[in-house]
Amino acid sequence: GDIAVPELDLEEYVRYGRQMLVPEVGKRGQIALKQTKVLVVGAGGLGCPALLYLSGAGFGTIGIVDHDTVSLSNLPRQTLYSTASIGKLKVDAAVDELRSRNANVKYVSHPVAVRHDNIFEIVRHYDIVLDCTDTPMTRYLLGDATRLLSKPLVSASALRTEAQLVVLNMGAEGPCYRCVFPDPPEHVQACSDAGIIGPVVAVAGVLQSLEAIKLASGHNGGQPPTMTFFSAIHGRPWRCVRIRGRQKSCSVCGDAPTVSESDITTGKYDYADFCGGSLDSNQY
Amino acid sequence: GDIAVPELDLEEYVRYGRQMLVPEVGKRGQIALKQTKVLVVGAGGLGCPALLYLSGAGFGTIGIVDHDTVSLSNLPRQTLYSTASIGKLKVDAAVDELRSRNANVKYVSHPVAVRHDNIFEIVRHYDIVLDCTDTPMTRYLLGDATRLLSKPLVSASALRTEAQLVVLNMGAEGPCYRCVFPDPPEHVQACSDAGIIGPVVAVAGVLQSLEAIKLASGHNGGQPPTMTFFSAIHGRPWRCVRIRGRQKSCSVCGDAPTVSESDITTGKYDYADFCGGSLDSNQY
Amino acid sequence: MAVPLTVEFSGGLEALFNNERSINLSLESRDGSENSPTITDLVVYLCEKVMMDKRRELFVIDGYHVRPGVLVLINDADWELVGEENYVIQPGDEILFASTLHGG
Amino acid sequence: MAVPLTVEFSGGLEALFNNERSINLSLESRDGSENSPTITDLVVYLCEKVMMDKRRELFVIDGYHVRPGVLVLINDADWELVGEENYVIQPGDEILFASTLHGG
Ligand SMILES: [Zn+2]
Ligand SMILES: [Zn+2]
């Protein structure tokens, strides 16, 4: 039968009022947000600002995937956490903080690492997915699962003084993660951390939440696919570049795909092997 | 005598470690941040994200100016505040929240509105100022006072689906606020609120904190002055445009200035008269 | 001589132009001469031939002067750097009229 | 025929080129003909004449193929849209080699 379209109560009218005044959102868009379930994978430097604004915007359900606990070194940019959060599970600290700001949202914690054997079962229940993770392997996993489940994926990344963002899986002819990045980078250096400036990763996370709001309220579709590059200090600060569409040769969404959902969930397709040495964040 | 250059203690090395790993910051930059006092005028949609990342970055002193109390309708984008904050003074709620995340920073509350008779005394004690206010009058006040006191001003604004950002008062030949905006817009419509989407104003606030970090760590100077325009939904998303330098005809910083500090503090220069009908945010 | 250009609006100004954010035009000098048009020619044209809205004062004052609070950007540069109203428009130029925002 | 162009690097690749983020070049086809150079000609030139760093494998593999994880953008468009390595470089082109970031 039909699902009743939710209405907004008085508290919501007041809370979301200024957002609804924007013609591109309106009451229609606010109700659409309320009916949308968004999954944030990774509650770190990207995920924290994304979650704050997804919660503020009034999504109906927000899922959070992260198996990690809060450390002191997280605090400059993982802005949901306080010194009192140190040692707690990130998903728990995040939900507490978000719920204190907006209890209208249903928060779902997934205190696990994304793996080939759990990702489909998690992603399946959501409408939009944000990749806020930090390794090539999780990015390929999320890229593949969301493509195979036809979920739009808002993927962002950041390092040092730069950030990148792209919206994937849009329609039948939009690219998936593998279409754009068919091969993982090779791991060629020892594992060392290249550093990050808080506002740089925060800009990317905030823009991810914006793309989710646009998707949910019907403002992201029909345009050719683009990718955004941000450079905080050197060179041109912002570039929005046109990127390729779906690649006929793509092993996940091409004309003759070789990777299926069951290949992934059964472990037949080996991500550790595929990503090879690139299990860690890139560095030079 | 000399002021001892602060060192970093172990907690700070751990806390700020990933930021210090960025070569453009390093230990040198981190210590420079610790020695810098930044003032955030306005603890709303711009100020909240700016404050989160200024605090996270480890500025030595952060001042907050806002006379307002927290309302329910603030919460979607004024992300320092929870439902429990409603009714509290914004500066108090903000300081509580920020201190829980980083107690290394000295927070100074200024629970007042910026006025011609208090602005110089407040601004004088800081090194960098962020304009996170929301009316033409406060913007001209801040623009003038910071120019006359030679403080770099990071000015941003946002409405509906757009945002703008500019760094002013850079060096002897950089423009001040009046150089770029010599005349206030006329107030031609009834007072009504045009709305705002959370991530749009948040992007601007985050970028303000980034500019402050760059200024404090020595990465903002020498380049020609630019202004950034962001459009979340329509048209070109990002533009960074070259703007004019100091205007010889500027009434505050030109070759024959007609507005001085005492003109302003004594009320001889009348902002209400200057801004005329434009005491409120712009709208169409 | 008619010059092709793109005019863009932001910061709410688009509301005066039927919510068009970007318009492609081919413009001549308004004195009918062979000279290329200037920004003033463009502003006159927009007011007289393009603007749907009657609230002209939200775009220009004192005739055809772009009103305070509107920045004019020519190919990503402040018009102040290139001659303001007297700038001679080149083929393919992108001219943005951006209303200053004040909200926060 | 020598073509003037600008090469840019981001995402850490600049470290291989003496931290230069932007280099202006004038490039010829490597076969010495009058043909305009292609992206392949550019990559060869960068490896042989510009790259300071010995870790060539961070930029190219199997000879002069741009390595996985590096996006090539020509005038703000993915090279896949304009012929990839065979794209013929035009005067004034801006070619960005951007290493994909993974951090979050
Ligand atoms: Zn694909
Ligand atoms: Zn001035």
# chains A, B, ... in the order shown; residues from 1 in each chain; ligands from 1

call {"tool": "select_by_dssp", "arguments": {"residues": "chain C", "states": "strand (DSSP E or B)", "output": "JSON, numbers by chain"}}
result
{"C": [3, 4, 5, 6, 7, 8, 9, 10, 22, 23, 24, 25, 26, 27, 38, 60, 61, 65, 66, 70, 71, 72, 73, 74, 77, 78, 88, 93, 94, 95, 96, 97, 98, 99]}

call {"tool": "interface_residues", "arguments": {"of": "chain D", "to": "chain B", "cutoff": "12 Å", "atoms": "only C-alpha atoms", "output": "list of chain:residue names"}}
result
D:Gly12, D:Ala15, D:Asn19

call {"tool": "residues_near_ligand", "arguments": {"ligand": "ligand 2", "cutoff": "8 Å", "atoms": "only C-alpha atoms and all ligand atoms", "output": "ChimeraX atom specification"}}
result
/B:147,175-180,246-254

call {"tool": "write_last_selection", "arguments": {"atoms": "C-alpha atoms", "output": "PDB file, in the first residue's frame"}}
result
ATOM      1  CA  ARG B 147      41.205  49.132   8.336  1.00  0.00           C
ATOM      2  CA  PRO B 175      41.540  47.122  -0.551  1.00  0.00           C
ATOM      3  CA  CYS B 176      39.430  47.716   2.517  1.00  0.00           C
ATOM      4  CA  TYR B 177      35.702  46.956   2.695  1.00  0.00           C
ATOM      5  CA  ARG B 178      34.789  50.440   1.496  1.00  0.00           C
ATOM      6  CA  CYS B 179      37.256  50.284  -1.371  1.00  0.00           C
ATOM      7  CA  VAL B 180      35.309  47.350  -2.775  1.00  0.00           C
ATOM      8  CA  ARG B 246      43.203  50.249  -2.415  1.00  0.00           C
ATOM      9  CA  GLN B 247      41.149  53.075  -3.890  1.00  0.00           C
ATOM     10  CA  LYS B 248      42.724  56.506  -3.756  1.00  0.00           C
ATOM     11  CA  SER B 249      39.230  57.933  -3.305  1.00  0.00           C
ATOM     12  CA  CYS B 250      38.330  55.713  -0.359  1.00  0.00           C
ATOM     13  CA  SER B 251      36.898  57.684   2.540  1.00  0.00           C
ATOM     14  CA  VAL B 252      38.651  55.471   5.066  1.00  0.00           C
ATOM     15  CA  CYS B 253      41.959  54.424   3.501  1.00  0.00           C
ATOM     16  CA  GLY B 254      42.292  56.637   0.452  1.00  0.00           C
TER      17      GLY B 254
END

call {"tool": "select_by_dssp", "arguments": {"residues": "region 1-83 of chain D", "states": "alpha helix (DSSP H)", "output": "PyMOL selection string"}}
result
chain D and resi 39-45

call {"tool": "residues_around", "arguments": {"residues": "region 73-89 of chain C", "least_positions_apart": "2", "cutoff": "8 Å", "atoms": "only C-alpha atoms", "output": "list in words"}}
result
Arg239, Cys240, Val241, Arg242, Ile243 and Arg244 of chain B; Val3, Leu5, Ser36, Pro37, Thr38, Ile39, Thr40, Leu71, Pro91, Asp93, Glu94, Ile95, Leu96, Phe97 and Ala98 of chain C

call {"tool": "atom_distance", "arguments": {"atom1": "CA of Ser99 (chain C)", "atom2": "CA of Thr6 (chain C)"}}
result
17.2 Å

call {"tool": "interface_residues", "arguments": {"of": "chain B", "to": "chain A", "cutoff": "6 Å", "atoms": "only C-alpha atoms", "output": "list in words"}}
result
Val14, Arg15, Arg18, Gln19, Leu21, Val22, Gly56, Ala57, Leu72, Ser73, Pro76, Ser82, Thr83, Ser100, Arg101, Arg160, Gly195, Ile196, Ile197, Pro199, Val203, Val206 and Leu210 of chain B

call {"tool": "residues_around", "arguments": {"residues": "Arg67 (chain D)", "least_positions_apart": "5", "cutoff": "9 Å", "atoms": "only C-alpha atoms", "output": "list in words"}}
result
Asp183, Pro185 and Glu186 of chain A; Glu57, Leu58, Phe59, Val60, Ile61 and Asp62 of chain D

call {"tool": "write_last_selection", "arguments": {"atoms": "all heavy atoms", "output": "short mmCIF file (atom, residue, chain, number, x, y, z; two decimals), in the first residue's frame"}}
result
data_model
loop_
_atom_site.label_atom_id
_atom_site.label_comp_id
_atom_site.auth_asym_id
_atom_site.auth_seq_id
_atom_site.Cartn_x
_atom_site.Cartn_y
_atom_site.Cartn_z
N ASP A 183 41.94 1.62 -11.92
CA ASP A 183 43.02 0.88 -11.26
C ASP A 183 43.43 1.61 -10.00
O ASP A 183 43.64 2.82 -10.02
CB ASP A 183 44.22 0.76 -12.18
CG ASP A 183 43.85 0.11 -13.50
OD1 ASP A 183 43.57 -1.10 -13.47
OD2 ASP A 183 43.80 0.82 -14.52
N PRO A 185 45.88 3.04 -7.10
CA PRO A 185 47.27 3.48 -7.14
C PRO A 185 48.15 2.43 -6.48
O PRO A 185 47.69 1.69 -5.62
CB PRO A 185 47.27 4.77 -6.32
CG PRO A 185 46.10 4.62 -5.42
CD PRO A 185 45.08 3.83 -6.17
N GLU A 186 49.36 2.35 -6.91
CA GLU A 186 50.27 1.37 -6.33
C GLU A 186 50.86 1.92 -5.04
O GLU A 186 51.11 3.10 -4.90
CB GLU A 186 51.39 1.05 -7.30
CG GLU A 186 50.84 0.54 -8.62
CD GLU A 186 51.86 -0.24 -9.40
OE1 GLU A 186 53.02 -0.31 -8.96
OE2 GLU A 186 51.49 -0.76 -10.46
N GLU D 57 58.24 5.97 -11.38
CA GLU D 57 57.06 5.09 -11.29
C GLU D 57 55.89 5.73 -10.56
O GLU D 57 54.79 5.19 -10.56
CB GLU D 57 57.44 3.76 -10.63
CG GLU D 57 57.75 3.84 -9.14
CD GLU D 57 59.14 4.37 -8.83
OE1 GLU D 57 59.89 4.74 -9.76
OE2 GLU D 57 59.48 4.41 -7.63
N LEU D 58 56.14 6.86 -9.91
CA LEU D 58 55.04 7.58 -9.28
C LEU D 58 54.28 8.41 -10.30
O LEU D 58 53.24 8.99 -9.98
CB LEU D 58 55.57 8.49 -8.16
CG LEU D 58 56.15 7.77 -6.94
CD1 LEU D 58 56.69 8.76 -5.94
CD2 LEU D 58 55.10 6.89 -6.30
N PHE D 59 54.78 8.48 -11.50
CA PHE D 59 54.13 9.27 -12.55
C PHE D 59 53.71 8.41 -13.74
O PHE D 59 52.62 8.56 -14.28
CB PHE D 59 55.07 10.40 -13.00
CG PHE D 59 54.48 11.35 -14.00
CD1 PHE D 59 53.24 11.94 -13.78
CD2 PHE D 59 55.17 11.70 -15.17
CE1 PHE D 59 52.69 12.83 -14.71
CE2 PHE D 59 54.63 12.58 -16.10
CZ PHE D 59 53.39 13.14 -15.88
N VAL D 60 54.60 7.52 -14.17
CA VAL D 60 54.30 6.68 -15.34
C VAL D 60 54.62 5.22 -15.05
O VAL D 60 55.43 4.90 -14.18
CB VAL D 60 55.10 7.10 -16.59
CG1 VAL D 60 54.64 8.45 -17.11
CG2 VAL D 60 56.60 7.12 -16.27
N ILE D 61 53.95 4.33 -15.77
CA ILE D 61 54.29 2.90 -15.72
C ILE D 61 54.41 2.38 -17.14
O ILE D 61 53.92 3.02 -18.08
CB ILE D 61 53.21 2.07 -14.99
CG1 ILE D 61 51.84 2.22 -15.64
CG2 ILE D 61 53.16 2.45 -13.50
CD1 ILE D 61 50.82 1.22 -15.12
N ASP D 62 55.03 1.22 -17.27
CA ASP D 62 55.15 0.57 -18.59
C ASP D 62 55.58 1.56 -19.65
O ASP D 62 54.92 1.73 -20.70
CB ASP D 62 53.80 -0.03 -19.02
CG ASP D 62 53.31 -1.09 -18.04
OD1 ASP D 62 54.16 -1.68 -17.34
OD2 ASP D 62 52.09 -1.30 -17.98
#
